[in-house]
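Trainee: Just one file: start_22.csv, with CSV, C-alpha atoms.
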chain,number,residue,atom,x,y,z
A,749,MET,CA,139.7,-3.7,-94.6
A,750,ALA,CA,136.4,-2.2,-95.8
A,751,ILE,CA,135.2,0.9,-94.1
A,752,GLU,CA,131.6,2.2,-93.9
A,753,VAL,CA,131.0,6.0,-94.1
A,754,SER,CA,127.6,7.4,-93.1
A,755,ALA,CA,127.0,11.1,-93.6
A,756,LEU,CA,125.5,13.0,-90.6
A,757,THR,CA,124.3,16.0,-92.7
A,758,THR,CA,124.5,17.2,-96.2
A,759,ALA,CA,127.1,19.8,-95.2
A,760,ILE,CA,129.5,18.2,-92.7
A,761,GLY,CA,130.2,15.2,-90.6
A,762,ALA,CA,130.3,11.4,-91.0
A,763,GLU,CA,130.4,8.4,-88.8
A,764,ILE,CA,132.9,5.7,-89.9
A,765,ARG,CA,132.6,2.0,-89.0
A,766,GLY,CA,134.6,-1.1,-89.7
A,767,VAL,CA,138.1,0.4,-89.1
A,768,ASP,CA,140.5,0.3,-86.2
A,769,LEU,CA,142.7,3.3,-86.5
A,770,ARG,CA,145.3,1.8,-84.3
A,771,THR,CA,146.0,-1.2,-86.5
A,772,CYS,CA,144.6,-0.5,-90.0
A,773,ASP,CA,147.0,-0.6,-93.0
A,774,GLU,CA,148.2,2.5,-94.7
A,775,ALA,CA,145.9,2.1,-97.7
A,776,THR,CA,142.9,2.0,-95.3
A,777,PHE,CA,144.2,4.8,-93.3
A,778,ALA,CA,144.6,6.9,-96.5
A,779,GLU,CA,140.8,6.3,-97.2
A,780,VAL,CA,140.0,7.6,-93.7
A,781,ARG,CA,142.2,10.7,-94.3
A,782,ASP,CA,140.4,11.3,-97.7
A,783,ALA,CA,137.1,10.9,-95.9
A,784,LEU,CA,138.2,13.5,-93.3
A,785,HIS,CA,139.0,16.0,-96.0
A,786,GLU,CA,135.6,15.3,-97.7
A,787,TYR,CA,133.3,15.3,-94.6
A,788,GLN,CA,135.6,17.6,-92.4
A,789,VAL,CA,134.8,15.8,-89.2
A,790,LEU,CA,134.6,12.0,-88.6
A,791,PHE,CA,133.2,10.1,-85.6
A,792,VAL,CA,134.1,6.6,-84.4
A,793,ARG,CA,131.6,5.3,-81.8
A,794,GLY,CA,133.1,3.2,-79.0
A,795,ALA,CA,136.7,3.6,-80.1
A,796,HIS,CA,137.8,3.4,-76.5
A,797,LEU,CA,141.3,4.7,-77.1
A,798,ASP,CA,143.5,4.8,-74.0
A,799,THR,CA,146.0,7.6,-73.7
A,800,ASP,CA,148.8,5.7,-75.5
A,801,ASP,CA,146.4,4.7,-78.3
A,802,HIS,CA,145.2,8.3,-78.6
A,803,LEU,CA,148.8,9.6,-79.1
A,804,ALA,CA,149.6,6.8,-81.5
A,805,VAL,CA,146.6,7.4,-83.7
A,806,ALA,CA,147.3,11.2,-83.6
A,807,ARG,CA,150.8,10.5,-85.0
A,808,ARG,CA,149.4,8.8,-88.0
A,809,PHE,CA,147.8,12.1,-88.9
A,810,GLY,CA,151.0,14.1,-88.5
A,811,VAL,CA,153.1,15.7,-85.8
A,812,PRO,CA,151.2,16.1,-82.6
A,813,SER,CA,151.3,19.7,-81.3
A,814,ILE,CA,152.7,20.9,-78.0
A,815,PHE,CA,150.1,23.2,-76.7
A,816,PRO,CA,151.5,26.8,-76.2
A,817,ILE,CA,150.9,26.9,-72.5
A,818,ALA,CA,152.5,23.4,-72.0
A,819,ARG,CA,155.5,24.6,-74.1
A,820,LEU,CA,155.9,27.7,-71.8
A,821,GLN,CA,155.8,25.4,-68.8
A,822,GLY,CA,158.8,23.4,-70.2
A,823,ALA,CA,157.1,20.6,-72.2
A,824,THR,CA,159.2,19.2,-75.0
A,825,GLU,CA,156.9,16.4,-76.0
A,826,PRO,CA,153.3,16.5,-77.0
A,827,SER,CA,150.7,15.4,-74.4
A,828,LEU,CA,146.9,15.1,-74.2
A,829,GLN,CA,144.9,18.1,-73.0
A,830,VAL,CA,142.3,17.0,-70.5
A,831,ILE,CA,139.3,19.3,-70.5
A,832,SER,CA,137.0,18.8,-67.4
A,833,ASP,CA,133.8,20.6,-66.6
A,834,GLY,CA,132.0,20.3,-63.3
A,835,PRO,CA,130.4,22.3,-60.5
A,836,ASP,CA,133.7,24.1,-59.7
A,837,SER,CA,134.9,24.4,-63.3
A,838,PRO,CA,132.2,25.8,-65.6
A,839,PRO,CA,132.5,25.2,-69.3
A,840,THR,CA,134.5,27.8,-71.3
A,841,ALA,CA,134.2,26.6,-74.9
A,842,GLU,CA,130.5,27.5,-75.6
A,843,MET,CA,131.4,29.8,-78.5
A,844,TRP,CA,132.2,29.1,-82.1
A,845,HIS,CA,135.9,28.9,-82.7
A,846,THR,CA,138.8,27.4,-84.4
A,847,ASP,CA,141.7,26.4,-82.1
A,848,VAL,CA,144.9,28.5,-81.6
A,849,THR,CA,144.5,30.9,-84.6
A,850,TRP,CA,146.7,33.4,-82.9
A,851,ILE,CA,149.8,31.5,-83.9
A,852,ALA,CA,151.4,31.7,-87.4
A,853,THR,CA,150.7,28.0,-88.1
A,854,PRO,CA,147.4,26.9,-86.5
A,855,PRO,CA,146.6,23.2,-86.1
A,856,ARG,CA,145.8,21.0,-89.0
A,857,TYR,CA,143.6,18.4,-87.3
A,858,ALA,CA,142.4,17.6,-83.8
A,859,LEU,CA,141.4,14.3,-82.2
A,860,LEU,CA,139.0,14.3,-79.2
A,861,CYS,CA,138.0,11.4,-77.0
A,862,GLY,CA,135.0,11.3,-74.7
A,863,GLU,CA,135.8,10.1,-71.2
A,864,VAL,CA,133.2,11.2,-68.7
A,865,ILE,CA,129.9,12.0,-70.4
A,866,PRO,CA,126.9,13.5,-68.7
A,867,ASP,CA,123.5,11.7,-68.8
A,868,ALA,CA,122.1,14.7,-70.7
A,869,GLY,CA,123.6,17.6,-72.6
A,870,GLY,CA,127.3,18.2,-73.4
A,871,ASP,CA,127.1,17.7,-77.2
A,872,THR,CA,129.7,19.2,-79.5
A,873,LEU,CA,128.8,21.0,-82.7
A,874,TRP,CA,130.9,21.5,-85.8
A,875,ALA,CA,130.3,23.9,-88.7
A,876,SER,CA,131.7,23.7,-92.2
A,877,MET,CA,133.5,26.8,-93.3
A,878,THR,CA,133.7,25.4,-96.8
A,879,ALA,CA,129.9,25.1,-97.1
A,880,ALA,CA,129.6,28.6,-95.5
A,881,HIS,CA,131.9,30.1,-98.1
A,882,ASP,CA,130.1,28.2,-101.0
A,883,ALA,CA,126.7,29.5,-99.9
A,884,LEU,CA,127.8,33.2,-100.1
A,885,SER,CA,126.8,35.1,-103.2
A,886,PRO,CA,129.5,35.4,-105.9
A,887,THR,CA,129.7,39.1,-105.2
A,888,MET,CA,130.4,38.6,-101.5
A,889,GLN,CA,133.0,35.8,-102.3
A,890,ASN,CA,134.8,38.2,-104.6
A,891,MET,CA,134.8,40.9,-102.0
A,892,LEU,CA,136.2,38.7,-99.3
A,893,ALA,CA,138.9,37.1,-101.5
A,894,GLY,CA,142.3,38.4,-100.6
A,895,LEU,CA,141.3,40.2,-97.4
A,896,GLU,CA,143.5,39.7,-94.4
A,897,VAL,CA,142.6,39.6,-90.7
A,898,GLU,CA,144.7,40.4,-87.6
A,899,HIS,CA,144.4,37.7,-85.0
A,900,THR,CA,145.7,38.6,-81.5
A,901,THR,CA,146.6,36.8,-78.3
A,902,ASP,CA,144.4,39.2,-76.3
A,903,SER,CA,141.4,36.9,-75.7
A,904,PHE,CA,143.6,33.9,-74.8
A,905,VAL,CA,145.7,36.0,-72.4
A,906,GLU,CA,142.5,37.2,-70.7
A,907,SER,CA,141.3,33.6,-70.4
A,908,VAL,CA,144.5,32.6,-68.8
A,909,LEU,CA,144.1,35.4,-66.2
A,910,GLU,CA,140.4,34.6,-65.6
A,911,ARG,CA,141.0,30.9,-65.1
A,912,GLY,CA,143.8,31.7,-62.7
A,913,HIS,CA,141.7,34.3,-60.9
A,914,HIS,CA,144.3,37.0,-61.7
A,915,SER,CA,146.7,35.4,-59.2
A,916,PRO,CA,150.4,36.2,-59.3
A,917,GLN,CA,151.0,32.9,-61.0
A,918,ALA,CA,148.4,33.6,-63.7
A,919,GLN,CA,149.8,37.0,-64.3
A,920,ALA,CA,153.3,35.6,-64.6
A,921,LEU,CA,152.1,33.0,-67.1
A,922,ALA,CA,150.2,35.6,-69.1
A,923,GLY,CA,153.4,37.7,-69.2
A,924,ARG,CA,155.4,34.8,-70.5
A,925,LEU,CA,152.8,34.1,-73.1
A,926,GLN,CA,153.0,37.7,-74.3
A,927,GLU,CA,156.7,37.6,-74.5
A,928,ALA,CA,156.9,34.2,-76.3
A,929,TYR,CA,154.3,34.9,-79.0
A,930,PRO,CA,153.7,38.0,-81.1
A,931,ARG,CA,150.5,39.9,-80.1
A,932,VAL,CA,149.3,40.0,-83.7
A,933,VAL,CA,149.5,37.5,-86.5
A,934,VAL,CA,147.8,38.0,-89.9
A,935,HIS,CA,145.8,35.3,-91.7
A,936,PRO,CA,143.7,35.4,-94.9
A,937,LEU,CA,140.0,35.8,-94.3
A,938,VAL,CA,139.4,33.2,-97.1
A,939,ARG,CA,142.0,30.4,-97.1
A,940,THR,CA,142.7,27.7,-99.6
A,941,HIS,CA,142.6,24.1,-98.4
A,942,PRO,CA,146.1,22.7,-99.3
A,943,ASP,CA,144.7,19.2,-100.0
A,944,ASN,CA,141.7,19.9,-102.2
A,945,GLY,CA,142.0,23.5,-103.3
A,946,ARG,CA,138.6,24.4,-101.8
A,947,ARG,CA,138.0,27.9,-100.5
A,948,ILE,CA,137.3,28.3,-96.8
A,949,LEU,CA,136.1,31.1,-94.5
A,950,PHE,CA,138.8,31.4,-91.9
A,951,ILE,CA,136.8,33.0,-89.1
A,952,GLY,CA,138.7,31.7,-86.1
A,953,GLY,CA,136.7,33.0,-83.2
A,954,PRO,CA,137.5,35.4,-80.4
A,955,SER,CA,141.1,36.0,-81.5
A,956,MET,CA,139.9,37.9,-84.6
A,957,HIS,CA,140.7,41.5,-84.2
A,958,ARG,CA,140.2,43.5,-87.4
A,959,ILE,CA,140.4,43.3,-91.1
A,960,LYS,CA,143.6,44.9,-92.4
A,961,GLY,CA,143.1,48.1,-94.3
A,962,MET,CA,139.6,48.8,-93.0
A,963,ARG,CA,138.4,51.3,-90.5
A,964,ARG,CA,137.2,49.8,-87.2
A,965,ASP,CA,133.5,50.3,-87.9
A,966,GLU,CA,133.8,48.8,-91.4
A,967,SER,CA,135.8,45.8,-90.0
A,968,ASP,CA,133.4,45.3,-87.1
A,969,ALA,CA,130.4,45.3,-89.5
A,970,LEU,CA,131.8,42.8,-91.9
A,971,LEU,CA,133.2,40.4,-89.2
A,972,GLY,CA,130.1,40.7,-87.2
A,973,PHE,CA,128.0,39.6,-90.2
A,974,LEU,CA,130.3,36.7,-90.9
A,975,LYS,CA,130.5,35.5,-87.3
A,976,ASN,CA,126.7,35.4,-87.2
A,977,TYR,CA,126.3,34.0,-90.7
A,978,VAL,CA,128.6,30.9,-90.1
A,979,THR,CA,126.5,29.8,-87.2
A,980,ASP,CA,123.5,28.9,-89.5
A,981,GLU,CA,122.3,25.4,-88.8
A,982,ARG,CA,122.5,24.4,-92.5
A,983,PHE,CA,126.3,24.3,-92.1
A,984,GLN,CA,126.4,22.2,-88.9
A,985,CYS,CA,126.4,18.8,-87.5
A,986,ARG,CA,126.0,17.8,-83.8
A,987,TRP,CA,127.4,14.8,-81.9
A,988,ARG,CA,125.8,13.3,-78.9
A,989,TRP,CA,128.7,11.7,-77.0
A,990,SER,CA,129.0,8.3,-75.4
A,991,ALA,CA,132.0,7.4,-73.3
A,992,GLY,CA,134.8,6.1,-75.6
A,993,ASP,CA,133.7,7.9,-78.7
A,994,LEU,CA,136.4,9.6,-80.9
A,995,ALA,CA,136.0,12.7,-83.1
A,996,ILE,CA,138.6,13.8,-85.6
A,997,TRP,CA,138.2,17.1,-87.4
A,998,ASP,CA,139.9,19.2,-90.0
A,999,GLU,CA,140.8,22.4,-88.1
A,1000,ARG,CA,141.4,24.3,-91.4
A,1001,SER,CA,137.9,24.0,-92.7
A,1002,THR,CA,135.7,23.9,-89.6
A,1003,MET,CA,134.6,25.7,-86.5
A,1004,HIS,CA,133.3,24.0,-83.4
A,1005,ARG,CA,131.4,24.7,-80.2
A,1006,ALA,CA,130.9,22.7,-77.0
A,1007,ALA,CA,127.4,23.0,-75.7
A,1008,ALA,CA,127.3,23.9,-72.0
A,1009,ASP,CA,123.8,22.5,-71.3
A,1010,HIS,CA,125.2,19.8,-69.1
A,1011,PHE,CA,126.4,22.2,-66.4
A,1012,PRO,CA,126.9,21.6,-63.5
A,1013,GLU,CA,127.2,17.9,-64.3
A,1014,TYR,CA,130.7,16.5,-65.0
A,1015,ARG,CA,132.1,16.2,-68.5
A,1016,THR,CA,135.6,15.2,-69.3
A,1017,VAL,CA,137.2,14.9,-72.8
A,1018,ARG,CA,140.8,14.7,-73.9
A,1019,ARG,CA,142.2,16.3,-77.0
A,1020,ILE,CA,145.4,16.5,-79.1
A,1021,GLU,CA,146.0,18.7,-82.1
A,1022,ILE,CA,148.3,18.1,-85.1
A,1023,ASP,CA,150.7,20.7,-86.3
A,1024,GLY,CA,149.6,22.7,-89.3
A,1025,ASP,CA,151.1,25.0,-91.9
A,1026,ARG,CA,150.7,28.7,-92.5
A,1027,PRO,CA,147.2,29.5,-93.9
A,1028,TYR,CA,147.3,31.0,-97.4
A,1029,PHE,CA,145.0,32.2,-100.2
A,1030,ASP,CA,145.6,31.1,-103.7
A,1031,HIS,CA,143.9,33.3,-106.3
A,1032,ARG,CA,144.0,30.5,-108.7
A,1033,SER,CA,142.0,28.2,-106.4
A,1034,ARG,CA,138.3,28.0,-107.0
A,1035,CYS,CA,135.1,27.5,-105.1
A,1036,ASP,CA,133.8,24.5,-107.0
A,1037,ARG,CA,130.1,24.2,-106.2
A,1038,GLU,CA,130.0,21.2,-108.5
A,1039,ILE,CA,132.4,19.0,-106.4
A,1040,SER,CA,130.3,16.1,-105.2
A,1041,ARG,CA,130.9,13.4,-102.7
A,1042,ALA,CA,130.4,10.9,-105.5
A,1043,SER,CA,133.6,12.2,-107.1
Translate this file's structure into structure tokens.

Mentor:
Amino acid sequence: MAIEVSALTTAIGAEIRGVDLRTCDEATFAEVRDALHEYQVLFVRGAHLDTDDHLAVARRFGVPSIFPIARLQGATEPSLQVISDGPDSPPTAEMWHTDVTWIATPPRYALLCGEVIPDAGGDTLWASMTAAHDALSPTMQNMLAGLEVEHTTDSFVESVLERGHHSPQAQALAGRLQEAYPRVVVHPLVRTHPDNGRRILFIGGPSMHRIKGMRRDESDALLGFLKNYVTDERFQCRWRWSAGDLAIWDERSTMHRAAADHFPEYRTVRRIEIDGDRPYFDHRSRCDREISRAS
């Protein structure tokens, strides 16, 4: 089965055609996985995966994750997370982030299907943290290499409380979350991609607390610069959804943001993540600016 790959931008993103991820053979699927590592986010227009298909395709990429909240509520098997925006449920993901960086082993990949798509707005944006790292000066790259960042559960706990209007049930769930997961986990600020050795800025999002070994003002200044820097449009791609579209992205090398410009119109998507490994930084790995898509 021949697949067609069309880049969306020079930095990140590609649309793939000519492949059915539910039925393609292993050799073709390996091509898709290689393309994912190269382009960091792939899009399939009109995939129209039902819930069983969605789970089955996810399993081809690895072990589907059980979302921490679902696990606390007794789930022992992975399930799809349905994210619905509407007049009574304003969007909450309009900030750049990487999913669940407050656990020791954040997700490897994520698969998102569009279900209910507004007539206007509601796009999703992705940014390449590989391209962002490569565009830094060598001096800045050397300064960041080896730094570690504390990620905390604080922002996620607060979101649980806000979504639950600080009800007794929400407070109980937040308490269980705090008991089940350490408040602080430490990750490298620059991580090494385990599949291609590229160096990646591991920014994460609101769970980032401070850089270990720095004073608060020093950490805030450097993280503030990086959080602003990685939102530069030259590192981004943007997807205009149609119902039935599928997006697959590498959580290790990207950040993403859901535009809220459709509110209060309805928008529903469903997502599942794939279990990952502990992020690490290998001093022997290199930022190879000369790696080209032709190779």

Trainee: In Å, how far is it from atom CA of A:Ile865 to atom CA of A:Leu769?

Mentor: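 Separation of atom CA of A:Ile865 and atom CA of A:Leu769: 22.3 Å.
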
Trainee: Report as a ChimeraX atom specification all protein, DNA and RNA residues lying within 10 Å of A:Ala922, evaluated on all atoms listed in the file, omitting residues in the same chain fewer than 3 positions from it.

Mentor: /A:817,901-902,904-909,912,914,916-919,925-928

Trainee: Can you tell me which residues surround stretch 869-879 of chain A at a distance of at most 7 Å, considering only C-alpha atoms, apart from same-chain residues fewer than 4 positions away, and format the answer as a ChimeraX atom specification?

Mentor: /A:759-760,883,947-949,983-989,1001-1010

Trainee: Can I get the residues of stretch 860-965 of chain A within 6 Å of stretch 840-854 of chain A, each with the closest pair of atoms and their distance in Å to one decimal, using all atoms listed in the file, sorted chain first then ascending number, as JSON lines?

Mentor:
{"residue": "A:His899", "atom": "CA", "partner": "A:Trp850", "partner_atom": "CA", "distance": 5.3}
{"residue": "A:Thr900", "atom": "CA", "partner": "A:Trp850", "partner_atom": "CA", "distance": 5.5}
{"residue": "A:Thr901", "atom": "CA", "partner": "A:Trp850", "partner_atom": "CA", "distance": 5.7}
{"residue": "A:Gly952", "atom": "CA", "partner": "A:Thr846", "partner_atom": "CA", "distance": 4.6}
{"residue": "A:Gly953", "atom": "CA", "partner": "A:His845", "partner_atom": "CA", "distance": 4.2}

Trainee: At what distance in Å, to one decimal, does atom CA of A:Leu892 lie from atom CA of A:Ser967?

Mentor: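 Distance between the two atoms: 11.7 Å.
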
Trainee: Restricting the calculation to only C-alpha atoms: of A:Gly992, A:Gly761, A:Gly822, A:Pro838, which residue gets closest to A:Asp798?

Mentor: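 Distance minimum relative to A:Asp798 lands on A:Gly992.
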
Trainee: Mind giving me the straight-line distance from atom CA of A:Pro826 to atom CA of A:Asp998 in Å, one decimal?

Mentor: 18.9 Å

Trainee: Of the candidates A:Asp1030, A:Asp943, A:Asp965, A:Asp867, which one gets nearest to A:Glu786 if we count all atoms listed in the file?

Mentor: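 Nearest candidate to A:Glu786 out of A:Asp1030, A:Asp943, A:Asp965, A:Asp867: A:Asp943.
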
Trainee: Check the smallest atom-to-atom distance from each of A:Leu820, A:Met891, A:Val805, A:Val789 to A:Phe777 using only C-alpha atoms, then report the winner.

Mentor: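 The answer is A:Val805, which sits nearest to A:Phe777.
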
Trainee: Have a look at A:Glu752, A:Asp800, A:Glu1013, A:Glu774 and name the one nearest to A:Pro866; count only C-alpha atoms.

Mentor: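 Of all the options, A:Glu1013 lies closest to A:Pro866.
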
Trainee: Please list as a PyMOL selection string every residue within 7 Å of A:Asp993, counting only C-alpha atoms and excluding residues in the same chain fewer than 6 positions away.

Mentor: chain A and resi 792-796+861-862

Trainee: Identify, on the basis of only C-alpha atoms, every residue whose closest approach to A:Ala806 does not exceed 12 Å; exclude the query and any residue fewer than 4 positions from it along the same chain; express the result as a short mmCIF file (atom, residue, chain, number, x, y, z; two decimals) with C-alpha atoms, keeping the file's coordinate frame.

Mentor:
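File part-v8.cif, as written:
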data_model
loop_
_atom_site.label_atom_id
_atom_site.label_comp_id
_atom_site.auth_asym_id
_atom_site.auth_seq_id
_atom_site.Cartn_x
_atom_site.Cartn_y
_atom_site.Cartn_z
CA LEU A 769 142.70 3.30 -86.50
CA ARG A 770 145.30 1.80 -84.30
CA ARG A 781 142.20 10.70 -94.30
CA LEU A 797 141.30 4.70 -77.10
CA THR A 799 146.00 7.60 -73.70
CA ASP A 800 148.80 5.70 -75.50
CA ASP A 801 146.40 4.70 -78.30
CA HIS A 802 145.20 8.30 -78.60
CA GLY A 810 151.00 14.10 -88.50
CA VAL A 811 153.10 15.70 -85.80
CA PRO A 812 151.20 16.10 -82.60
CA SER A 813 151.30 19.70 -81.30
CA PRO A 826 153.30 16.50 -77.00
CA SER A 827 150.70 15.40 -74.40
CA LEU A 828 146.90 15.10 -74.20
CA ARG A 856 145.80 21.00 -89.00
CA TYR A 857 143.60 18.40 -87.30
CA ALA A 858 142.40 17.60 -83.80
CA LEU A 859 141.40 14.30 -82.20
CA LEU A 860 139.00 14.30 -79.20
CA CYS A 861 138.00 11.40 -77.00
CA LEU A 994 136.40 9.60 -80.90
CA ALA A 995 136.00 12.70 -83.10
CA ILE A 996 138.60 13.80 -85.60
CA TRP A 997 138.20 17.10 -87.40
CA ARG A 1019 142.20 16.30 -77.00
CA ILE A 1020 145.40 16.50 -79.10
CA GLU A 1021 146.00 18.70 -82.10
CA ILE A 1022 148.30 18.10 -85.10
CA ASP A 1023 150.70 20.70 -86.30
#

Trainee: Up to 10 Å from (141.6, 29.8, -96.4) in the file's coordinates: name the residues, counting all atoms listed in the file, as a PyMOL selection string.

Mentor: chain A and resi 877-878+881+893-894+935-942+945-951+1000-1001+1026-1030

Trainee: Output stretch 787-804 of chain A from the block with N, CA, C and O atoms, as a JSON list (two decimals), in the first residue's frame?

Mentor:
[["chain", "number", "residue", "atom", "x", "y", "z"],
["A", 787, "TYR", "N", 7.54, 14.25, 10.97],
["A", 787, "TYR", "CA", 6.70, 15.44, 10.86],
["A", 787, "TYR", "C", 6.04, 15.83, 12.19],
["A", 787, "TYR", "O", 5.47, 16.90, 12.29],
["A", 788, "GLN", "N", 6.03, 14.93, 13.16],
["A", 788, "GLN", "CA", 5.61, 15.16, 14.54],
["A", 788, "GLN", "C", 4.10, 15.20, 14.76],
["A", 788, "GLN", "O", 3.63, 14.91, 15.85],
["A", 789, "VAL", "N", 3.34, 15.57, 13.75],
["A", 789, "VAL", "CA", 1.89, 15.42, 13.80],
["A", 789, "VAL", "C", 1.40, 15.07, 12.41],
["A", 789, "VAL", "O", 1.84, 15.68, 11.42],
["A", 790, "LEU", "N", 0.53, 14.05, 12.33],
["A", 790, "LEU", "CA", -0.03, 13.60, 11.07],
["A", 790, "LEU", "C", -1.54, 13.77, 11.11],
["A", 790, "LEU", "O", -2.18, 13.62, 12.16],
["A", 791, "PHE", "N", -2.11, 14.04, 9.93],
["A", 791, "PHE", "CA", -3.55, 14.23, 9.81],
["A", 791, "PHE", "C", -4.10, 13.30, 8.74],
["A", 791, "PHE", "O", -3.50, 13.15, 7.67],
["A", 792, "VAL", "N", -5.25, 12.70, 9.03],
["A", 792, "VAL", "CA", -5.96, 11.87, 8.06],
["A", 792, "VAL", "C", -7.36, 12.46, 7.90],
["A", 792, "VAL", "O", -8.18, 12.41, 8.84],
["A", 793, "ARG", "N", -7.62, 13.05, 6.76],
["A", 793, "ARG", "CA", -8.96, 13.62, 6.53],
["A", 793, "ARG", "C", -9.96, 12.50, 6.30],
["A", 793, "ARG", "O", -9.67, 11.52, 5.60],
["A", 794, "GLY", "N", -11.12, 12.66, 6.92],
["A", 794, "GLY", "CA", -12.21, 11.73, 6.69],
["A", 794, "GLY", "C", -11.90, 10.30, 7.10],
["A", 794, "GLY", "O", -12.37, 9.36, 6.47],
["A", 795, "ALA", "N", -11.15, 10.11, 8.17],
["A", 795, "ALA", "CA", -10.86, 8.75, 8.64],
["A", 795, "ALA", "C", -12.11, 8.07, 9.18],
["A", 795, "ALA", "O", -12.28, 6.86, 9.05],
["A", 796, "HIS", "N", -12.97, 8.84, 9.83],
["A", 796, "HIS", "CA", -14.26, 8.35, 10.35],
["A", 796, "HIS", "C", -14.09, 7.08, 11.17],
["A", 796, "HIS", "O", -14.73, 6.05, 10.91],
["A", 797, "LEU", "N", -13.23, 7.14, 12.16],
["A", 797, "LEU", "CA", -13.05, 6.02, 13.07],
["A", 797, "LEU", "C", -14.17, 6.02, 14.10],
["A", 797, "LEU", "O", -14.42, 7.04, 14.76],
["A", 798, "ASP", "N", -14.83, 4.88, 14.27],
["A", 798, "ASP", "CA", -15.77, 4.78, 15.39],
["A", 798, "ASP", "C", -14.95, 4.52, 16.66],
["A", 798, "ASP", "O", -13.71, 4.41, 16.62],
["A", 799, "THR", "N", -15.61, 4.38, 17.79],
["A", 799, "THR", "CA", -14.87, 4.27, 19.05],
["A", 799, "THR", "C", -14.02, 3.00, 19.09],
["A", 799, "THR", "O", -12.89, 3.02, 19.60],
["A", 800, "ASP", "N", -14.54, 1.90, 18.56],
["A", 800, "ASP", "CA", -13.75, 0.67, 18.54],
["A", 800, "ASP", "C", -12.53, 0.81, 17.63],
["A", 800, "ASP", "O", -11.43, 0.36, 17.97],
["A", 801, "ASP", "N", -12.73, 1.42, 16.46],
["A", 801, "ASP", "CA", -11.62, 1.67, 15.54],
["A", 801, "ASP", "C", -10.56, 2.55, 16.20],
["A", 801, "ASP", "O", -9.34, 2.30, 16.06],
["A", 802, "HIS", "N", -11.03, 3.59, 16.88],
["A", 802, "HIS", "CA", -10.12, 4.53, 17.52],
["A", 802, "HIS", "C", -9.21, 3.81, 18.51],
["A", 802, "HIS", "O", -7.98, 4.00, 18.51],
["A", 803, "LEU", "N", -9.78, 2.96, 19.34],
["A", 803, "LEU", "CA", -8.99, 2.19, 20.30],
["A", 803, "LEU", "C", -8.07, 1.20, 19.60],
["A", 803, "LEU", "O", -6.91, 1.03, 20.00],
["A", 804, "ALA", "N", -8.57, 0.55, 18.55],
["A", 804, "ALA", "CA", -7.76, -0.45, 17.85],
["A", 804, "ALA", "C", -6.56, 0.20, 17.17],
["A", 804, "ALA", "O", -5.44, -0.33, 17.23]]
